[in-house]
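J.: Here you go, entry_7.txt (compact mmCIF, C-alpha atoms and all ligand atoms):
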# COMPACT_ATOMS: atom_id res chain seq x y z
CA MET A 7 24.18 28.90 -59.85
CA GLU A 8 24.40 25.61 -61.71
CA GLY A 9 21.72 23.02 -60.91
CA TYR A 10 19.73 25.62 -59.02
CA ASN A 11 16.06 26.00 -59.90
CA PRO A 12 14.47 28.80 -57.85
CA GLN A 13 11.00 27.25 -58.36
CA GLU A 14 12.03 24.22 -56.30
CA TYR A 15 12.38 26.55 -53.33
CA ASN A 16 9.07 28.30 -53.83
CA ILE A 17 7.22 26.02 -51.45
CA ILE A 18 3.49 26.61 -51.14
CA THR A 19 2.17 25.46 -47.79
CA LEU A 20 -1.52 24.90 -47.21
CA GLU A 21 -1.59 27.99 -45.01
CA ARG A 22 -0.02 30.13 -47.72
CA TYR A 23 -2.40 28.69 -50.30
CA VAL A 24 -5.51 29.46 -48.21
CA LEU A 25 -4.30 33.01 -47.54
CA GLY A 26 -3.59 33.49 -51.26
CA GLU A 27 -7.02 32.20 -52.25
CA GLY A 28 -8.55 34.65 -49.83
CA HIS A 29 -6.71 37.58 -51.42
CA LYS A 30 -7.77 36.48 -54.91
CA SER A 31 -11.37 35.69 -54.19
CA PRO A 32 -14.12 38.25 -54.64
CA ASP A 33 -16.28 35.88 -52.61
CA GLN A 34 -16.52 37.33 -49.10
CA ARG A 35 -17.41 33.90 -47.71
CA ILE A 36 -13.88 32.77 -48.49
CA ALA A 37 -11.86 35.97 -48.53
CA SER A 38 -11.89 36.38 -44.82
CA ARG A 39 -9.75 35.99 -41.79
CA GLU A 40 -12.48 33.75 -40.36
CA PHE A 41 -12.33 31.27 -43.23
CA THR A 42 -8.54 31.14 -42.95
CA LEU A 43 -8.81 30.38 -39.24
CA LEU A 44 -11.36 27.66 -39.90
CA MET A 45 -9.14 26.02 -42.51
CA SER A 46 -6.22 26.26 -40.18
CA SER A 47 -8.09 24.42 -37.42
CA LEU A 48 -9.16 21.76 -39.94
CA HIS A 49 -5.70 21.05 -41.16
CA THR A 50 -4.25 21.01 -37.66
CA THR A 51 -6.93 18.43 -36.80
CA CYS A 52 -5.81 16.33 -39.75
CA LYS A 53 -2.22 16.43 -38.50
CA VAL A 54 -3.32 15.28 -35.05
CA ILE A 55 -5.43 12.44 -36.45
CA GLU A 56 -2.64 11.43 -38.84
CA ASN A 57 -0.30 11.18 -35.87
CA LEU A 58 -2.81 9.05 -33.93
CA VAL A 59 -3.33 6.78 -36.95
CA ARG A 60 0.41 6.28 -37.47
CA LYS A 61 0.92 5.34 -33.81
CA ALA A 62 -2.32 3.41 -33.28
CA ARG A 63 -0.73 -0.02 -33.18
CA LEU A 64 2.04 1.12 -30.80
CA ASN A 65 -0.32 2.98 -28.48
CA ASN A 66 -2.99 0.28 -28.29
CA LEU A 67 -5.52 2.40 -30.20
CA VAL A 68 -6.66 -0.36 -32.55
CA GLY A 69 -9.89 -2.30 -32.05
CA VAL A 70 -13.40 -1.43 -30.98
CA ALA A 71 -14.33 1.15 -28.37
CA GLY A 72 -17.24 -0.90 -27.04
CA ASN A 73 -20.03 1.45 -28.18
CA GLN A 74 -22.13 1.84 -31.28
CA ASN A 75 -22.86 5.03 -33.16
CA VAL A 76 -26.36 6.24 -34.01
CA GLN A 77 -26.29 4.09 -37.15
CA GLY A 78 -25.75 0.95 -35.10
CA GLU A 79 -22.15 0.52 -36.25
CA ASP A 80 -19.43 -0.54 -33.80
CA GLN A 81 -17.23 2.45 -33.09
CA LYS A 82 -13.50 1.88 -33.24
CA LYS A 83 -11.31 3.55 -30.61
CA LEU A 84 -9.89 5.77 -33.33
CA ASP A 85 -13.40 6.77 -34.52
CA VAL A 86 -14.19 8.04 -31.03
CA ILE A 87 -10.87 9.81 -30.49
CA SER A 88 -10.79 11.40 -33.96
CA ASN A 89 -14.29 12.73 -33.40
CA GLU A 90 -13.28 14.18 -30.04
CA VAL A 91 -10.23 15.88 -31.54
CA MET A 92 -12.23 17.35 -34.39
CA VAL A 93 -15.19 18.60 -32.36
CA ASN A 94 -12.88 20.25 -29.82
CA ALA A 95 -10.70 21.89 -32.46
CA LEU A 96 -13.64 23.22 -34.45
CA ILE A 97 -15.43 24.59 -31.40
CA SER A 98 -12.31 26.23 -30.02
CA SER A 99 -11.46 27.80 -33.40
CA GLY A 100 -14.37 30.16 -32.69
CA GLN A 101 -15.44 29.89 -36.34
CA SER A 102 -18.06 27.13 -36.20
CA ALA A 103 -21.79 27.53 -35.64
CA VAL A 104 -23.11 24.02 -36.30
CA LEU A 105 -21.25 20.71 -36.40
CA VAL A 106 -22.52 17.42 -37.77
CA SER A 107 -20.38 14.35 -37.23
CA GLU A 108 -20.95 10.75 -38.21
CA GLU A 109 -20.17 9.87 -34.60
CA GLU A 110 -22.62 12.32 -32.96
CA GLU A 111 -26.31 11.48 -32.87
CA HIS A 112 -27.40 15.12 -32.89
CA ALA A 113 -26.06 18.20 -34.61
CA ILE A 114 -23.93 20.29 -32.23
CA ILE A 115 -25.20 23.86 -32.04
CA VAL A 116 -22.02 25.57 -30.91
CA GLY A 117 -23.72 28.62 -29.39
CA ASP A 118 -25.64 26.33 -27.02
CA ARG A 119 -22.41 25.11 -25.48
CA THR A 120 -21.21 27.24 -22.61
CA ASN A 121 -18.05 29.33 -23.03
CA SER A 122 -17.96 28.80 -26.78
CA ALA A 123 -18.06 31.64 -29.24
CA ALA A 124 -20.14 30.68 -32.27
CA GLY A 125 -18.74 31.49 -35.70
CA GLN A 126 -20.31 31.59 -39.13
CA TYR A 127 -19.44 28.21 -40.59
CA CYS A 128 -21.20 24.86 -40.38
CA ILE A 129 -18.98 21.84 -40.76
CA VAL A 130 -20.26 18.37 -41.61
CA PHE A 131 -17.68 15.61 -41.22
CA ASP A 132 -16.72 11.99 -41.06
CA PRO A 133 -13.82 12.09 -38.60
CA LEU A 134 -12.47 8.72 -39.66
CA ASP A 135 -13.63 7.13 -42.87
CA GLY A 136 -12.90 3.51 -43.70
CA SER A 137 -12.76 2.35 -40.12
CA SER A 138 -13.00 -1.32 -41.11
CA ASN A 139 -9.52 -0.83 -42.58
CA ILE A 140 -7.89 0.67 -39.45
CA ASP A 141 -6.65 -2.53 -37.87
CA ALA A 142 -5.10 -3.72 -41.14
CA GLY A 143 -3.17 -0.49 -41.60
CA VAL A 144 -4.95 0.22 -44.89
CA ASN A 145 -5.65 3.80 -46.06
CA ILE A 146 -8.30 5.68 -44.13
CA GLY A 147 -9.24 9.37 -43.99
CA THR A 148 -11.20 12.35 -42.73
CA ILE A 149 -13.93 13.98 -44.86
CA PHE A 150 -15.43 17.45 -44.38
CA GLY A 151 -17.87 19.85 -46.04
CA ILE A 152 -18.47 23.51 -45.15
CA TYR A 153 -21.60 25.65 -45.34
CA LYS A 154 -21.81 29.30 -44.45
CA ILE A 155 -24.51 29.92 -41.86
CA ARG A 156 -27.75 31.33 -43.36
CA GLU A 157 -28.35 35.06 -43.21
CA GLY A 158 -29.75 36.01 -39.80
CA SER A 159 -29.32 32.54 -38.30
CA THR A 160 -27.47 32.01 -35.05
CA GLY A 161 -27.01 28.32 -35.77
CA SER A 162 -29.68 25.69 -36.23
CA ILE A 163 -30.09 22.34 -37.90
CA GLN A 164 -31.63 24.12 -40.90
CA ASP A 165 -28.18 25.56 -41.64
CA VAL A 166 -26.99 22.08 -42.60
CA LEU A 167 -30.15 20.57 -44.09
CA ARG A 168 -29.28 22.18 -47.40
CA PRO A 169 -28.29 20.76 -50.79
CA GLY A 170 -24.59 20.15 -51.31
CA ARG A 171 -24.44 22.76 -54.07
CA GLU A 172 -24.71 25.37 -51.28
CA MET A 173 -21.46 24.21 -49.69
CA ILE A 174 -18.65 26.73 -49.95
CA GLY A 175 -15.88 24.21 -49.55
CA ALA A 176 -15.11 20.54 -49.05
CA GLY A 177 -12.14 18.28 -48.67
CA TYR A 178 -10.59 15.20 -47.22
CA CYS A 179 -7.35 14.06 -45.72
CA MET A 180 -6.17 10.58 -46.65
CA TYR A 181 -3.87 8.78 -44.25
CA GLY A 182 -1.95 6.48 -46.55
CA SER A 183 1.69 6.01 -47.43
CA SER A 184 1.69 9.78 -47.02
CA ALA A 185 -0.98 12.09 -45.62
CA ASN A 186 -2.73 14.07 -48.35
CA ILE A 187 -5.22 16.87 -47.98
CA VAL A 188 -7.34 17.45 -51.08
CA LEU A 189 -9.66 20.42 -50.98
CA SER A 190 -11.73 22.88 -52.91
CA SER A 191 -13.26 26.19 -51.96
CA GLY A 192 -14.99 26.46 -55.32
CA SER A 193 -12.05 27.29 -57.56
CA GLY A 194 -10.69 23.91 -58.57
CA VAL A 195 -9.28 21.07 -56.51
CA HIS A 196 -5.81 21.13 -55.01
CA GLY A 197 -3.83 18.46 -53.22
CA PHE A 198 -1.25 18.86 -50.45
CA THR A 199 1.16 16.31 -49.01
CA LEU A 200 2.28 16.41 -45.40
CA ASP A 201 6.03 16.88 -45.04
CA ASN A 202 6.50 15.34 -41.62
CA SER A 203 9.95 16.84 -41.16
CA ILE A 204 8.56 20.38 -41.13
CA GLY A 205 4.99 19.53 -40.11
CA GLU A 206 3.42 21.34 -43.07
CA PHE A 207 1.11 20.32 -45.88
CA ILE A 208 2.82 21.29 -49.16
CA LEU A 209 1.03 21.89 -52.46
CA THR A 210 1.93 18.84 -54.57
CA HIS A 211 -1.17 18.41 -56.76
CA PRO A 212 -2.32 21.82 -58.05
CA ASN A 213 -5.51 21.85 -60.17
CA ILE A 214 -6.50 18.21 -60.00
CA SER A 215 -8.64 17.30 -62.96
CA VAL A 216 -10.32 13.89 -63.35
CA PRO A 217 -9.44 12.33 -66.72
CA ALA A 218 -12.51 12.40 -68.98
CA ARG A 219 -12.36 8.62 -69.21
CA GLY A 220 -10.63 6.01 -67.09
CA ASN A 221 -10.34 2.24 -67.12
CA ILE A 222 -11.00 1.38 -63.48
CA TYR A 223 -14.28 0.57 -61.74
CA SER A 224 -14.61 0.57 -57.97
CA ILE A 225 -17.58 -1.08 -56.28
CA ASN A 226 -18.21 -3.73 -53.62
CA GLU A 227 -19.16 -6.42 -56.10
CA GLY A 228 -19.83 -8.85 -53.27
CA ASN A 229 -23.25 -7.17 -53.14
CA SER A 230 -24.03 -8.05 -56.80
CA MET A 231 -26.95 -10.32 -55.92
CA TYR A 232 -28.79 -7.28 -54.55
CA TYR A 233 -28.02 -4.90 -57.43
CA HIS A 234 -30.70 -3.46 -59.68
CA GLU A 235 -30.66 -4.04 -63.44
CA PRO A 236 -29.00 -0.75 -64.58
CA VAL A 237 -25.99 -1.32 -62.33
CA LEU A 238 -25.65 -4.99 -63.35
CA ASP A 239 -25.96 -4.11 -67.04
CA TYR A 240 -23.42 -1.31 -66.75
CA LEU A 241 -20.94 -3.57 -64.96
CA ASN A 242 -21.37 -6.19 -67.69
CA SER A 243 -20.72 -3.58 -70.34
CA ILE A 244 -17.32 -2.69 -68.90
CA LYS A 245 -16.31 -6.25 -68.02
CA PHE A 246 -17.37 -7.80 -71.35
CA PRO A 247 -16.95 -4.96 -73.87
CA GLU A 248 -17.24 -5.34 -77.62
CA PRO A 249 -13.72 -5.86 -79.04
CA PRO A 250 -11.43 -4.04 -79.64
CA LYS A 251 -12.38 -2.35 -76.33
CA LYS A 252 -10.59 -3.80 -73.31
CA PRO A 253 -12.31 -4.72 -70.04
CA TYR A 254 -11.93 -2.35 -67.09
CA SER A 255 -9.78 -3.18 -64.05
CA ALA A 256 -11.40 -3.56 -60.63
CA ARG A 257 -10.00 -1.68 -57.62
CA TYR A 258 -11.87 -1.46 -54.33
CA ILE A 259 -10.23 -0.46 -51.06
CA GLY A 260 -13.37 -0.09 -48.94
CA SER A 261 -12.38 3.36 -47.66
CA MET A 262 -14.31 5.97 -49.62
CA VAL A 263 -11.50 8.49 -49.17
CA ALA A 264 -8.96 6.18 -50.78
CA ASP A 265 -11.26 4.97 -53.56
CA VAL A 266 -12.27 8.54 -54.43
CA HIS A 267 -8.67 9.78 -54.23
CA ARG A 268 -7.59 7.18 -56.79
CA THR A 269 -10.60 8.00 -58.96
CA LEU A 270 -9.77 11.74 -58.96
CA LEU A 271 -6.16 11.05 -59.96
CA TYR A 272 -6.53 8.10 -62.36
CA GLY A 273 -10.13 8.45 -63.55
CA GLY A 274 -12.76 5.73 -63.80
CA ILE A 275 -15.86 5.29 -61.69
CA PHE A 276 -16.57 4.78 -57.98
CA CYS A 277 -20.00 3.41 -57.08
CA TYR A 278 -21.98 2.77 -53.94
CA PRO A 279 -25.44 2.09 -55.34
CA ALA A 280 -28.81 1.66 -53.72
CA ASP A 281 -29.77 -2.01 -53.98
CA LYS A 282 -32.48 -4.46 -52.96
CA LYS A 283 -31.03 -4.67 -49.44
CA SER A 284 -29.82 -1.11 -48.85
CA THR A 285 -32.53 0.88 -50.53
CA LYS A 286 -30.74 4.22 -50.06
CA GLY A 287 -27.22 2.89 -50.48
CA LYS A 288 -24.75 3.01 -47.61
CA LEU A 289 -22.85 6.26 -47.79
CA ARG A 290 -24.05 9.24 -45.82
CA LEU A 291 -25.34 12.20 -47.78
CA LEU A 292 -24.09 15.11 -45.68
CA TYR A 293 -20.56 14.14 -44.75
CA GLU A 294 -19.59 11.53 -47.36
CA ALA A 295 -21.57 12.00 -50.58
CA PHE A 296 -21.80 15.83 -50.65
CA PRO A 297 -18.12 16.64 -50.00
CA MET A 298 -16.93 14.00 -52.49
CA ALA A 299 -19.49 15.12 -55.09
CA PHE A 300 -18.37 18.74 -54.58
CA LEU A 301 -14.72 17.78 -55.17
CA THR A 302 -15.56 15.58 -58.15
CA GLU A 303 -17.50 18.34 -59.90
CA GLN A 304 -14.79 20.88 -59.13
CA ALA A 305 -12.30 18.48 -60.74
CA GLY A 306 -14.44 18.26 -63.90
CA GLY A 307 -16.15 14.95 -63.16
CA ILE A 308 -19.76 13.92 -62.47
CA ALA A 309 -21.42 12.73 -59.25
CA THR A 310 -24.92 11.29 -59.56
CA THR A 311 -27.37 9.19 -57.59
CA GLY A 312 -28.40 7.53 -60.87
CA GLU A 313 -31.51 9.73 -60.86
CA LYS A 314 -30.10 13.19 -60.23
CA ARG A 315 -27.03 15.25 -59.45
CA VAL A 316 -25.87 14.38 -55.92
CA LEU A 317 -25.36 18.06 -55.03
CA ASP A 318 -29.05 18.73 -55.79
CA VAL A 319 -30.39 16.27 -53.22
CA GLN A 320 -32.31 18.04 -50.45
CA PRO A 321 -31.41 16.45 -47.08
CA THR A 322 -34.19 15.86 -44.58
CA SER A 323 -32.11 14.46 -41.74
CA ILE A 324 -28.44 14.69 -40.84
CA HIS A 325 -27.49 11.02 -41.06
CA GLU A 326 -29.47 10.03 -44.15
CA ARG A 327 -27.88 7.90 -46.84
CA CYS A 328 -27.69 8.34 -50.58
CA PRO A 329 -26.65 6.22 -53.58
CA ILE A 330 -23.61 7.63 -55.36
CA PHE A 331 -21.71 7.10 -58.62
CA LEU A 332 -18.83 9.47 -59.27
CA GLY A 333 -15.77 9.95 -61.41
CA SER A 334 -14.81 10.50 -65.05
CA LYS A 335 -17.36 12.37 -67.15
CA ASP A 336 -17.54 9.74 -69.89
CA ASP A 337 -17.67 6.78 -67.53
CA VAL A 338 -20.44 8.22 -65.37
CA SER A 339 -22.35 9.26 -68.50
CA ASP A 340 -22.14 5.66 -69.76
CA LEU A 341 -23.57 4.45 -66.46
CA LEU A 342 -26.38 7.02 -66.65
CA SER A 343 -27.38 5.74 -70.09
CA PHE A 344 -28.30 2.43 -68.42
CA PHE A 345 -30.52 4.22 -65.90
CA LYS A 346 -32.35 5.96 -68.75
CA LYS A 347 -33.16 2.72 -70.61
P1 LIG B 401 -17.07 4.66 -42.15
O1 LIG B 401 -15.84 3.89 -41.81
O2 LIG B 401 -16.91 6.14 -41.97
O3 LIG B 401 -18.32 4.12 -41.53
O4 LIG B 401 -17.28 4.57 -43.74
C1 LIG B 401 -17.17 3.33 -44.39
C2 LIG B 401 -17.72 3.46 -45.74
C3 LIG B 401 -16.79 4.03 -46.80
O5 LIG B 401 -15.56 4.43 -46.39
C4 LIG B 401 -16.62 2.91 -47.79
O6 LIG B 401 -16.69 3.41 -49.08
C5 LIG B 401 -17.75 1.97 -47.48
O7 LIG B 401 -18.10 2.19 -46.16
C6 LIG B 401 -17.39 0.54 -47.66
O8 LIG B 401 -18.51 -0.23 -47.43
P2 LIG B 401 -18.57 -1.79 -47.76
O9 LIG B 401 -17.75 -2.46 -46.73
O10 LIG B 401 -20.04 -2.10 -47.65
O11 LIG B 401 -18.07 -1.98 -49.17
MN MN B 402 -17.13 7.05 -43.85
MN MN B 403 -16.37 7.23 -40.22
Translate the structure described by the file into structure tokens.
T.:
Amino acid sequence: MEGYNPQEYNIITLERYVLGEGHKSPDQRIASREFTLLMSSLHTTCKVIENLVRKARLNNLVGVAGNQNVQGEDQKKLDVISNEVMVNALISSGQSAVLVSEEEEHAIIVGDRTNSAAGQYCIVFDPLDGSSNIDAGVNIGTIFGIYKIREGSTGSIQDVLRPGREMIGAGYCMYGSSANIVLSSGSGVHGFTLDNSIGEFILTHPNISVPARGNIYSINEGNSMYYHEPVLDYLNSIKFPEPPKKPYSARYIGSMVADVHRTLLYGGIFCYPADKKSTKGKLRLLYEAFPMAFLTEQAGGIATTGEKRVLDVQPTSIHERCPIFLGSKDDVSDLLSFFKK
């Protein structure tokens, strides 16, 4: 048939992709009905939150909720609701054992909650990332990381106080001009776009790989007066390079999900350093730094604290923070050379 390309009709939904990965994978942590069910509850959650985000202005869901989270930050109405949606979906999936959310002071041990069957996965998440951007309608997202429960454990905080390299999967959903889920279960990074007309995430970005070098830097430069020497020197090197090199462009959205998404696709470097004011940086190790570092490495990039690989950091508490620099291999290596001086 003229003009007919059968490939155009071979649509890979997120569900089909996860099932396919399971069949391919020799890794029993992933090749299971349980993992598929967990992923299914995660992507349904993202659809629900995406719907809430799109209608927030119309349904009076913008603005603050009137409470603060454990980190002393004002919770937005959408932070609270997204958290509720996610906790409920993950518990009722029957696949979760331990949940850690930015919006919950304590880890949720699922087995301790009445009428809930505990599963074998521990999910750490930021239900709504970039909340300062909600009211302006700027891109925001949901971030998650997944650990398999430790052998013999029935669910305890020790199951999530583990280095990020032990995660078996991670991802995010960005609510922007379209909703995009980007995820990895350890065999590359793949991106899916929500087709609202059929309510399915469709594989649109198979095998995302971060360009080895980019020309964009992404950092809240308003904090420059607090930065340490290596960061200041690195920034100078990309803003005032020796000719014929050209200076880098600055892009900073202020939603980690969106800044990392652009970095994965276009290359360059995203930074949230430790500085003289925030001695451990701002971003949270478990549910911001680890999942994004996992994805970056899976896409061929580097994620470092400046001192060590992010995924090698040993967490000691669930809400701790961590400095992070991630992105293109060559750009992050250049930054690291300033830390070594
Ligand atoms: P959250 O909305 O989940 O608290 O996260 C906000 C984070 C992250 O998304 C972003 O990279 C960073 O805060 C921006 O911080 P600054 O406003 O200090 O630049
Ligand atoms: Mn966040
Ligand atoms: Mn958040």
J.: Using only C-alpha atoms and all ligand atoms, which residues of chain A come within 8 Å of ligand MN 403 (chain B), and what is the closest atom pair for each, with the distance in Å to one decimal? Give it as a tab-separated table, sorted by chain and residue number.
T.:
residue	atom	partner	partner_atom	distance
A:Asp85	CA	B:MN403	MN	6.4
A:Glu108	CA	B:MN403	MN	6.1
A:Glu109	CA	B:MN403	MN	7.3
A:Asp132	CA	B:MN403	MN	4.8
A:Pro133	CA	B:MN403	MN	5.7
A:Leu134	CA	B:MN403	MN	4.2
A:Asp135	CA	B:MN403	MN	3.8
A:Gly136	CA	B:MN403	MN	6.2
A:Ser137	CA	B:MN403	MN	6.1
A:Thr148	CA	B:MN403	MN	7.7
J.: Go through A:Asn186, A:Ser159, A:Ser334, A:Ser138 and flag the residue nearest ligand LIG 401 (chain B), using all atoms listed in the file for the distances.
T.: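 Nearest to ligand LIG 401 (chain B): A:Ser138.
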J.: So, with all atoms listed in the file as the atoms that count, which of A:Ser98, A:Ser339, A:Thr199, A:Ser193 lies closest to A:Lys314?
T.: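 Counting all atoms listed in the file, the residue closest to A:Lys314 is A:Ser339.
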J.: I'd like to know which of A:Leu189, A:Leu289, A:Val266, A:Leu25 is closest to ligand MN 402 (chain B), using all atoms listed in the file.
T.: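 Closest residue, counting all atoms listed in the file: A:Leu289.
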J.: Determine the nearest neighbour of ligand LIG 401 (chain B) from the options A:Lys346, A:Arg171, A:Arg219, A:Arg257, counting all atoms listed in the file.
T.: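 Under the stated criterion, the closest residue is A:Arg257.
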J.: Report the distance between atom CA of A:Asn94 and atom CA of A:Gln304 in Å, rounded to one decimal place.
T.: 29.4 Å
J.: Let me make sure I understand: among A:Gly78, A:Gly170, A:Gly260, A:Gly333, which one has the smallest atom-to-atom distance to ligand LIG 401 (chain B) if we use only C-alpha atoms and all ligand atoms?
T.: A:Gly260
J.: Can you list, as a PDB file with C-alpha atoms, in the frame of the given file, every protein, DNA or RNA residue that comes within 12 Å of stretch 335-337 of chain A when you count only C-alpha atoms, leaving out same-chain residues fewer than 4 positions away?
T.:
ATOM      1  CA  SER A 215      -8.640  17.300 -62.960  1.00  0.00           C
ATOM      2  CA  VAL A 216     -10.320  13.890 -63.350  1.00  0.00           C
ATOM      3  CA  PRO A 217      -9.440  12.330 -66.720  1.00  0.00           C
ATOM      4  CA  ALA A 218     -12.510  12.400 -68.980  1.00  0.00           C
ATOM      5  CA  ARG A 219     -12.360   8.620 -69.210  1.00  0.00           C
ATOM      6  CA  GLY A 220     -10.630   6.010 -67.090  1.00  0.00           C
ATOM      7  CA  ASN A 221     -10.340   2.240 -67.120  1.00  0.00           C
ATOM      8  CA  ILE A 222     -11.000   1.380 -63.480  1.00  0.00           C
ATOM      9  CA  TYR A 223     -14.280   0.570 -61.740  1.00  0.00           C
ATOM     10  CA  SER A 224     -14.610   0.570 -57.970  1.00  0.00           C
ATOM     11  CA  TYR A 240     -23.420  -1.310 -66.750  1.00  0.00           C
ATOM     12  CA  LEU A 241     -20.940  -3.570 -64.960  1.00  0.00           C
ATOM     13  CA  SER A 243     -20.720  -3.580 -70.340  1.00  0.00           C
ATOM     14  CA  ILE A 244     -17.320  -2.690 -68.900  1.00  0.00           C
ATOM     15  CA  TYR A 254     -11.930  -2.350 -67.090  1.00  0.00           C
ATOM     16  CA  THR A 269     -10.600   8.000 -58.960  1.00  0.00           C
ATOM     17  CA  LEU A 270      -9.770  11.740 -58.960  1.00  0.00           C
ATOM     18  CA  GLY A 273     -10.130   8.450 -63.550  1.00  0.00           C
ATOM     19  CA  GLY A 274     -12.760   5.730 -63.800  1.00  0.00           C
ATOM     20  CA  ILE A 275     -15.860   5.290 -61.690  1.00  0.00           C
ATOM     21  CA  PHE A 276     -16.570   4.780 -57.980  1.00  0.00           C
ATOM     22  CA  CYS A 277     -20.000   3.410 -57.080  1.00  0.00           C
ATOM     23  CA  THR A 302     -15.560  15.580 -58.150  1.00  0.00           C
ATOM     24  CA  GLU A 303     -17.500  18.340 -59.900  1.00  0.00           C
ATOM     25  CA  GLN A 304     -14.790  20.880 -59.130  1.00  0.00           C
ATOM     26  CA  ALA A 305     -12.300  18.480 -60.740  1.00  0.00           C
ATOM     27  CA  GLY A 306     -14.440  18.260 -63.900  1.00  0.00           C
ATOM     28  CA  GLY A 307     -16.150  14.950 -63.160  1.00  0.00           C
ATOM     29  CA  ILE A 308     -19.760  13.920 -62.470  1.00  0.00           C
ATOM     30  CA  ALA A 309     -21.420  12.730 -59.250  1.00  0.00           C
ATOM     31  CA  THR A 310     -24.920  11.290 -59.560  1.00  0.00           C
ATOM     32  CA  PHE A 331     -21.710   7.100 -58.620  1.00  0.00           C
ATOM     33  CA  LEU A 341     -23.570   4.450 -66.460  1.00  0.00           C
ATOM     34  CA  LEU A 342     -26.380   7.020 -66.650  1.00  0.00           C
ATOM     35  CA  SER A 343     -27.380   5.740 -70.090  1.00  0.00           C
ATOM     36  CA  PHE A 344     -28.300   2.430 -68.420  1.00  0.00           C
TER      37      PHE A 344
END
J.: So which one's closest to ligand LIG 401 (chain B), A:Asp118, A:Glu157, A:Glu248, A:Glu227? Using all atoms listed in the file, please.
T.: A:Glu227
J.: Write out as a count of residues only the residues lying within 8 Å of A:His196, counting all atoms listed in the file and excluding same-chain residues fewer than 6 positions away.
T.: 8
J.: Fewer than 2 positions away in the same chain doesn't count, so skip those; otherwise give me all residues within 12 Å of A:Arg156, counting all atoms listed in the file, as a list in words.
T.: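 Counting only the stated atoms, we get Arg35, Ala103, Val104, Gly125, Gln126, Tyr127, Cys128, Tyr153, Lys154, Gly158, Ser159, Thr160, Gly161, Ser162, Ile163, Gln164, Asp165, Val166, Leu167, Arg168, Glu172 and Met173 of chain A.
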J.: Using all atoms listed in the file, collect all residues at a distance of at most 12 Å from (5.4, 23.8, -42.1) as written in the file, then present them as number ranges by chain.
T.: A: 17-22, 49-50, 53, 198-209
J.: So that all listed atoms of stretch 323-333 of chain A fit with 6 Å spare on each side, what axis-aligned box centre and edge lengths in Å, to one decimal, would you give as JSON?
T.:
{"center_x": -23.9, "center_y": 10.5, "center_z": -51.1, "size_x": 28.3, "size_y": 20.5, "size_z": 32.6}
J.: Please, what distance in Å, to one decimal, runs between atom CA of A:Ile324 and atom CA of A:Leu291?
T.: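 If I compute the distance from atom CA of A:Ile324 to atom CA of A:Leu291, I get 8.0 Å.
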J.: Show me, as a list in words, the residues that have an atom within 9 Å of A:Lys286 when counting all atoms listed in the file, minus same-chain residues fewer than 5 positions from it.
T.: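 Near A:Lys286, the qualifying residues are Pro279, Ala280, Asp281, Glu326, Arg327, Cys328 and Pro329 of chain A.
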J.: Can you tell me which residues surround A:Ser46 at a distance of at most 10 Å, considering all atoms listed in the file, apart from same-chain residues fewer than 4 positions away, and format the answer as a list in words?
T.: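 Answer for this query is Leu20, Glu21, Val24, Glu40, Phe41, Thr42, Thr50, Thr51, Cys52, Ala95, Leu96 and Ser99 of chain A.
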J.: Around the point (-13.7, -0.9, -49.5), in the coordinates given by the file, pick out the residues reaching within 8 Å, counting all atoms listed in the file, and return them as a list of chain:residue names.
T.: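 Protein and nucleic acid residues near the point are A:Gly136, A:Ile225, A:Asn226, A:Tyr258, A:Ile259, A:Gly260, A:Ser261, A:Met262, A:Asp265.
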J.: Using the partial input, fill out stretch 85-93 of chain A with N, CA and C atoms; write the result as a tab-separated table (two decimals), in the coordinates of the input.
T.:
chain	number	residue	atom	x	y	z
A	85	ASP	N	-12.23	5.99	-34.11
A	85	ASP	CA	-13.40	6.77	-34.52
A	85	ASP	C	-13.76	7.76	-33.41
A	86	VAL	N	-13.77	7.22	-32.18
A	86	VAL	CA	-14.19	8.04	-31.03
A	86	VAL	C	-13.18	9.16	-30.77
A	87	ILE	N	-11.90	8.81	-30.80
A	87	ILE	CA	-10.87	9.81	-30.49
A	87	ILE	C	-10.80	10.87	-31.59
A	88	SER	N	-10.87	10.43	-32.86
A	88	SER	CA	-10.79	11.40	-33.96
A	88	SER	C	-11.95	12.39	-33.88
A	89	ASN	N	-13.12	11.86	-33.52
A	89	ASN	CA	-14.29	12.73	-33.40
A	89	ASN	C	-14.07	13.77	-32.31
A	90	GLU	N	-13.54	13.29	-31.18
A	90	GLU	CA	-13.28	14.18	-30.04
A	90	GLU	C	-12.31	15.30	-30.44
A	91	VAL	N	-11.25	14.92	-31.12
A	91	VAL	CA	-10.23	15.88	-31.54
A	91	VAL	C	-10.86	16.93	-32.46
A	92	MET	N	-11.68	16.45	-33.38
A	92	MET	CA	-12.23	17.35	-34.39
A	92	MET	C	-13.27	18.30	-33.80
A	93	VAL	N	-14.15	17.75	-32.98
A	93	VAL	CA	-15.19	18.60	-32.36
A	93	VAL	C	-14.51	19.69	-31.50
